[in-house]
Every structure is written in structure tokens, then in C-alpha cells.
Amino acid sequence: MPGEKKIIIIAGPNGAGKTTFAREFLPREAGCPDFIEVHSIEGQGTALDNHRVSRRNMLRTAGLALAGTVIAPAALGQRKRSQHSPPYTVDPVLGSKKRPRRFAPVNVARERVIRTVVGLRPFRQSGFVVRAESLGDKLLVHNYGHGGAGMTLSWGTAQLAADLISESGKSGPAAVIGCGVIGLSTARTLQRRGFAVTIYAKSLPPETTSNISGASWSPTSIVETAHRTSTWDAQFERAARIAHRAYQLLIGDEYGVRWREQYYLTDDEDDDPVGFGEIRDLFPDWRRLDKREHPFPTRYAVVENLMFIEPSIYLNTLLRDFYIAGGRIRNAFFMEPGQLGGLSERIVVNCTGLGARELFGDRELTPVKGQLTVLLPQPEVDYAIVTQGLYMFPRKDGIMLGGTFERGVETLTPNPEAEERILSGHQRIFSTMK
Ligand SMILES: Cc1cc2nc3c(=O)[nH]c(=O)nc-3n(C[C@H](O)[C@H](O)[C@H](O)COP(=O)(O)OP(=O)(O)OC[C@H]3O[C@@H](n4cnc5c(N)ncnc54)[C@H](O)[C@@H]3O)c2cc1C
């Protein structure tokens with residue numbers, strides 16, 4: 001019934017995998033993108049009402065949250081916490097020196113919001129598509145459907161797509177359809193292999209989904225476990241490894257790519273933020289910190305080193321590189337595959353993201369709406385956090401606060417309730433940092 005509320009309680013002993021299960025099951029199977037962990041609220045001053053919250057109250061709150069109701073925004077705009085956190089010591093791995101770690105808190109206040117933006121992740125339950133087929137006398141290579149990991153995998157699937165072209169033996173100019181991160185990376189990869197490339201696209205940066213991304217180098221919201229195949233897994237691992245290496249060569253201000261520590265906040269001892277064991281080594285020097293080692297209001301914080309990408313800088317620089325290498329861009333919108341037959345190029349790469357649903361009739365493509373609330377920049381914030389339904393990525397152009405994963409929701413209009421949840425959730429975290 002419309003408006004009906006339901007409570008889903010996931011129970012089990014510590015280490016049973018409750019959080020891991022909840023993260024898959026609630027958004028994907030139960031239509032519930034947001035949930036609250038008992039431990040993350042119980043026993044702390046929270047933004048709910050600044051009272052200590054009993055387990056019973058928590059369950060009530062969780063029920064409301066599960067039903068999509070907003071957690072009361074506790075005095076957003078009040079800045080009660082001290083401006084400086086005490087230094088924390090992060091224990092080193094094996095024998096190296098202890099180093100003090102200072103965490104500048106994020107100043108979460110409504111009057112510091114500079115924009116709220118929305119993008120639609122091009123999600124497929126069986127993962128991205130990289131494959132070749134014939135379209136009349138043309139070779140058509142698909143490279144789309146990267147969900148919440150298009151920035152992450154871009155160079156990797158671009159190389160897989162370019163390999164299919166090389167294997168076909170076809171030569172001559174190539175057309176790339178789409179000018180988001182996938183189109184640009186594919187175009188640059190083909191240019192490096194000697195192809196003359198023209199990009200045809202309805203929109204260019206900054207008007208693409210890619211410009212809305214966070215963006216951390218992290219394979220998130222990309223496939224459903226039950227729909228993975230060994231073929232896809234092999235493509236995924238290869239793409240991830242290629243892309244990880246490629247981004248390392250772009251570190252610096254010119255491309256807006258940098259390494260940062262990310263703290264994954266959890267109460268579950270066994271919780272692993274990566275979820276893809278086969279590429280765990282791509283997140284170097286990761287460790288689980290216990291309560292004494294981190295300032296956040298959870299039992300554990302898993303610290304790992306990730307690359308972060310600033311999309312507006314990054315995509316502009318890719319565009320520049322594309323032009324310098326002789327690339328051309330044409331504004332074009334294709335409504336059906338037959339229209340591609342009119343292109344002069346005999347090699348066509350489909351990098352249309354969510355657009356492939358209409359253009360090629362791929363009904364598996366589903367939008368997963370993501371919304372970011374951006375606060376004024378705080379250069380002193382030099383770490384990222386991720387926790388249940390929330391994340392904070394500091395960038396030059398602002399502090400990105402996410403996250404929403406609304407599957408099947410197809411509007412670019414910001415959701416005010418989601419914004420309240422994101423602001424109050426982050427305020428709770430940063431106002432209770434020790
Ligand atoms: C809030 C949010 C946060 C995210 N965070 C991250 C993150 O931290 N890390 C990460 O890796 N990813 C992240 N993502 C996901 C990432 O943004 C996407 O996976 C990525 O942008 C997909 O790139 P794309 O090039 O396929 O699509 P797009 O950027 O949408 O580009 C598609 C291109 O195709 C063109 N096009 C489409 N249809 C047609 C047509 N019929 N004719 C002509 N042109 C067409 C479009 O105009 C556009 O140029 C995030 C996404 C969102 C919304």
C-alpha cells in the first residue's frame with residue numbers, strides 16, 4: 001500500500017556478515033537504499049535529537065529510515081564541535097615508525113551548501129558490456145553499462161574495446177559515440193594506437209553523467225553477484241588492473257588525480273569495503289583500526305589508499321589531449337542503430353552509457369540515481385570516509401557528500417529528503433568525532 005512502512009531487521013552474531021548481506025539485499029532486493037546499523041547509533045550522541053539512543057529507539061528510527069522517511073535533521077547549521085580534533089596515532093604496518101594523524105572535521109551546515117547535483121548511473125545487473133558485432137559493413141564495438149564505476153574502469157574497458165578492434169584487423173578512421181569518461185578514454189586509447197577518431201555525442205563535458213561522479217577509484221554498484229559469469233569476471237579483473245595502472249600515471253594537478261586515505265566506518269569486524277577479493281591488492285596498505293586508533297563514531301575504521309579523480313579537471317584535460325592528438329567532435333544524437341550506418345567511419349564504438357538502453361534496446365540497463373550535496377571547499381580535510389549510505393570525498397571544488405543509490409529512479413531533480421538525510425548523517429559523524 002502506498003505510504004505503508006515496513007521494518008526489516010537483520011540479526012546475527014558479530015562477524016556473521018550482516019552488513020555485507022544488508023548492503024546487497026536491502027537496496028537490490030528489498031527496494032530500500034538506506035539503512036541504519038544499531039552499533040552506529042547506539043551509545044553515541046547522535047544527530048537524531050542529541051540524546052543517547054536506546055536500542056529500542058534505534059529500531060524505531062531504523063524502521064522510519066527503511067521506509068524512506070528522513071531522519072530528523074538535528075539542528076543543521078549549528079556548529080557545536082570544536083574546530084580541531086586531537087591528533088591520532090595510526091599504528092604502522094610491521095616495524096615502521098608510528099605517525100600522528102590529525103583529522104580536520106568537515107563543517108557540515110546547510111548554509112555551506114554550494115550546490116546539489118544528480119546523475120544517473122548506467123547500471124546492468126550482469127555488469128558492463130564490451131563486445132563486438134557487425135553492423136552492415138561496419139564493425140560495431142560496445143563499451144557501456146559501467147554502473148557506479150565508470151571512472152574507475154574507463155581505461156581498462158577502453159583497452160578491451162580497442163583490443164577487439166585490433167583483433168578484427170579493421171583499420172581506418174574510427175567513430176566513438178559518446179563523450180563521457182568511457183567515450184573519451186576509448187577515443188584516447190584508439191588515438192594512441194594510430195586511429196583517426198571522431199567523437200559523436202549528444203552532450204559534452206560538463207553536461208555528462210561522468211561530470212557528476214565522486215569520484216573514487218573503486219568498483220562500486222557495478223554488477224549483481226548472482227549475475228556474474230566467469231567471462232565477465234575475467235574482463236572485470238583485467239579492466240580493473242589496466243585502469244589502476246593507467247591512473248597511477250596521471251597523478252597530479254594537471255589531471256586532478258590523487259592518492260588519499262579513505263576510512264570505511266563500520267561496526268562489523270568482518271566487513272570489507274572492497275567486495276572484490278580478486279583485486280584486493282589494488283588497495284594497498286589497508287588495515288582495520290580499532291576504536292582507539294581512529295576518531296570516528298564506529299567500532300572499526302578500515303583505512304585504505306585509493307586514487308580520487310576530480311571529474312571537471314580530469315574530463316577537460318582528456319578533451320584537451322584528444323584535440324591535441326587531432327581528434328574531432330561532432331554534436332549528434334542517434335535514435336536507432338540504422339543511423340550509425342550513415343557515418344563515414346567503418347569502425348564504430350558505442351560508449352553511450354545509459355543512452356544505449358534506447359539506442360540499442362538494452363532493457364537490462366537501469367538508471368541508479370545518485371545525488372551529491374556539495375559544501376564549500378575545506379583544503380584541510382585530507383581524508384575521505386564511507387559508511388552505511390553516506391560518503392564524503394574532499395575535492396578542490398568542494399566537499400562532496402553522498403550517497404544515494406536509487407535504482408530505477410529516472411529524474412535529475414534533487415530529492416530534498418535525500419539531501420536532509422545526507423546532511424544530517426554527515427553532521428552526526430563529524431559532530432561526534434573525538
Ligand atoms: C553521484 C554519482 C557518483 C559517482 N561516483 C563514482 C565514483 O566515485 N567512481 C566511479 O568510478 N564512478 C562513479 N560514478 C559512476 C560514473 O559517473 C559512471 O559510471 C560514468 O559516468 C559512466 O560514463 P559513460 O561515459 O558511460 O556515460 P556518460 O558520462 O553518461 O556519457 C555518455 C555519453 O553518450 C552520449 N549519448 C548517449 N546517448 C546518445 C545517443 N543516442 N546519441 C549520441 N550520444 C549519446 C551522451 O551525450 C554522453 O556524451 C558516479 C555516478 C554518480 C551519478
# chains A, B, ... in the order shown; residues from 1 in each chain; ligands from 1
call {"tool": "residues_near_ligand", "arguments": {"ligand": "ligand 1", "cutoff": "7 Å", "atoms": "only C-alpha atoms and all ligand atoms", "output": "PDB file with C-alpha atoms, in the first residue's frame"}}
result
ATOM      1  CA  VAL A 118      22.153  14.446  -9.606  1.00  0.00           C
ATOM      2  CA  GLY A 119      23.373  11.832 -12.079  1.00  0.00           C
ATOM      3  CA  LEU A 120      22.034   8.504 -13.332  1.00  0.00           C
ATOM      4  CA  ARG A 121      24.485   5.618 -13.122  1.00  0.00           C
ATOM      5  CA  PRO A 122      24.157   3.267 -16.122  1.00  0.00           C
ATOM      6  CA  TYR A 144      28.877   0.743 -21.900  1.00  0.00           C
ATOM      7  CA  GLY A 145      26.941  -0.023 -18.711  1.00  0.00           C
ATOM      8  CA  HIS A 146      29.562   0.719 -16.056  1.00  0.00           C
ATOM      9  CA  GLY A 147      27.125   1.498 -13.213  1.00  0.00           C
ATOM     10  CA  GLY A 148      28.850   3.282 -10.332  1.00  0.00           C
ATOM     11  CA  ALA A 149      32.343   2.502 -11.595  1.00  0.00           C
ATOM     12  CA  GLY A 150      32.746   4.153 -14.987  1.00  0.00           C
ATOM     13  CA  MET A 151      35.505   6.481 -13.857  1.00  0.00           C
ATOM     14  CA  THR A 152      37.243   3.557 -12.167  1.00  0.00           C
ATOM     15  CA  LEU A 153      37.221   1.116 -15.080  1.00  0.00           C
ATOM     16  CA  ILE A 177      29.663   7.569 -29.898  1.00  0.00           C
ATOM     17  CA  GLY A 178      29.548   9.342 -26.522  1.00  0.00           C
ATOM     18  CA  CYS A 179      31.774  11.863 -24.790  1.00  0.00           C
ATOM     19  CA  GLY A 180      31.637  10.850 -21.134  1.00  0.00           C
ATOM     20  CA  VAL A 181      34.611   9.238 -19.430  1.00  0.00           C
ATOM     21  CA  ILE A 182      34.133   5.992 -21.391  1.00  0.00           C
ATOM     22  CA  GLY A 183      33.980   7.695 -24.783  1.00  0.00           C
ATOM     23  CA  TYR A 200      29.836  11.970 -31.975  1.00  0.00           C
ATOM     24  CA  ALA A 201      27.794  12.884 -28.911  1.00  0.00           C
ATOM     25  CA  LYS A 202      24.583  14.436 -27.755  1.00  0.00           C
ATOM     26  CA  SER A 203      26.312  16.154 -24.807  1.00  0.00           C
ATOM     27  CA  LEU A 204      29.878  17.008 -23.911  1.00  0.00           C
ATOM     28  CA  THR A 208      27.606  14.314 -18.856  1.00  0.00           C
ATOM     29  CA  THR A 209      26.931  11.834 -16.065  1.00  0.00           C
ATOM     30  CA  SER A 210      30.674  11.438 -15.745  1.00  0.00           C
ATOM     31  CA  ASN A 211      30.935  15.049 -14.554  1.00  0.00           C
ATOM     32  CA  ILE A 212      28.642  14.224 -11.625  1.00  0.00           C
ATOM     33  CA  SER A 213      30.711  11.340 -10.295  1.00  0.00           C
ATOM     34  CA  GLY A 214      32.507  11.458  -6.907  1.00  0.00           C
ATOM     35  CA  ALA A 215      34.954  10.077  -7.925  1.00  0.00           C
ATOM     36  CA  SER A 216      36.929   7.432  -6.111  1.00  0.00           C
ATOM     37  CA  TRP A 217      38.800   4.624  -7.837  1.00  0.00           C
ATOM     38  CA  SER A 218      36.514   1.943  -6.560  1.00  0.00           C
ATOM     39  CA  PRO A 219      34.355  -0.695  -8.282  1.00  0.00           C
ATOM     40  CA  ALA A 332      24.927  14.338 -32.864  1.00  0.00           C
ATOM     41  CA  PHE A 333      22.043  12.352 -31.433  1.00  0.00           C
ATOM     42  CA  PHE A 334      21.301   8.862 -32.767  1.00  0.00           C
ATOM     43  CA  MET A 335      17.836   7.407 -32.266  1.00  0.00           C
ATOM     44  CA  CYS A 351      30.103   4.495 -25.443  1.00  0.00           C
ATOM     45  CA  THR A 352      26.650   5.937 -24.815  1.00  0.00           C
ATOM     46  CA  GLY A 353      26.229   4.845 -21.180  1.00  0.00           C
ATOM     47  CA  LEU A 354      22.567   4.855 -20.230  1.00  0.00           C
ATOM     48  CA  GLY A 355      21.781   6.059 -23.775  1.00  0.00           C
ATOM     49  CA  ALA A 356      22.402   2.503 -25.030  1.00  0.00           C
ATOM     50  CA  LEU A 359      19.673   3.341 -28.930  1.00  0.00           C
ATOM     51  CA  LYS A 369      20.107   7.801  -9.307  1.00  0.00           C
ATOM     52  CA  GLY A 370      22.934   9.384  -7.332  1.00  0.00           C
ATOM     53  CA  GLN A 371      22.807  12.740  -5.613  1.00  0.00           C
ATOM     54  CA  LEU A 372      25.692  14.783  -4.248  1.00  0.00           C
ATOM     55  CA  GLY A 402      26.755  11.378  -0.882  1.00  0.00           C
ATOM     56  CA  GLY A 403      25.263   8.996  -1.217  1.00  0.00           C
TER      57      GLY A 403
END
call {"tool": "select_by_dssp", "arguments": {"residues": "segment 129-169 of chain A", "states": "helix (DSSP H, G or I)", "output": "JSON, numbers by chain"}}
result
{"A": [150, 151, 152, 153, 154, 155, 156, 157, 158, 159, 160, 161, 162, 163, 164, 165, 166, 167, 168]}
call {"tool": "write_last_selection", "arguments": {"atoms": "C-alpha atoms", "output": "tab-separated table (two decimals), in the first residue's frame"}}
result
chain	number	residue	atom	x	y	z
A	150	GLY	CA	32.75	4.15	-14.99
A	151	MET	CA	35.50	6.48	-13.86
A	152	THR	CA	37.24	3.56	-12.17
A	153	LEU	CA	37.22	1.12	-15.08
A	154	SER	CA	37.37	3.56	-18.01
A	155	TRP	CA	40.94	2.94	-19.22
A	156	GLY	CA	40.51	-0.78	-18.72
A	157	THR	CA	37.37	-1.34	-20.75
A	158	ALA	CA	38.71	1.15	-23.33
A	159	GLN	CA	41.66	-1.18	-23.82
A	160	LEU	CA	39.42	-4.25	-24.03
A	161	ALA	CA	37.35	-2.48	-26.70
A	162	ALA	CA	40.48	-1.40	-28.61
A	163	ASP	CA	41.78	-4.98	-28.48
A	164	LEU	CA	38.58	-6.21	-30.17
A	165	ILE	CA	39.16	-3.69	-32.96
A	166	SER	CA	42.81	-4.73	-33.35
A	167	GLU	CA	41.77	-8.42	-33.43
A	168	SER	CA	39.23	-7.70	-36.21
call {"tool": "closest_residue", "arguments": {"among": "A:Tyr383, A:Leu343, A:His244, A:Leu135", "to": "Arg102 of chain A", "atoms": "only C-alpha atoms"}}
result
A:Tyr383
call {"tool": "residues_around", "arguments": {"residues": "Asn350 of chain A", "least_positions_apart": "6", "cutoff": "7 Å", "atoms": "only C-alpha atoms", "output": "list of chain:residue names"}}
result
A:Val141, A:His142, A:Asn143, A:Val176, A:Ile177
call {"tool": "closest_residue", "arguments": {"among": "A:Tyr391, A:Phe360, A:Pro273, A:Arg287", "to": "Gly338 of chain A", "atoms": "only C-alpha atoms"}}
result
A:Phe360
call {"tool": "closest_residue", "arguments": {"among": "A:Leu319, A:Ala22, A:Ala243, A:Ala226", "to": "Gly127 of chain A", "atoms": "only C-alpha atoms"}}
result
A:Ala226
call {"tool": "select_by_dssp", "arguments": {"residues": "segment 135-377 of chain A", "states": "strand (DSSP E or B)", "output": "MDAnalysis selection string"}}
result
chainID A and resid 135 138:144 148 174:177 197:201 216 220 251:252 257:266 287:289 300:309 328:331 347:350 366:375
call {"tool": "atom_distance", "arguments": {"atom1": "atom CA of Leu282 of chain A", "atom2": "atom CA of Pro394 of chain A"}}
result
21.2 Å
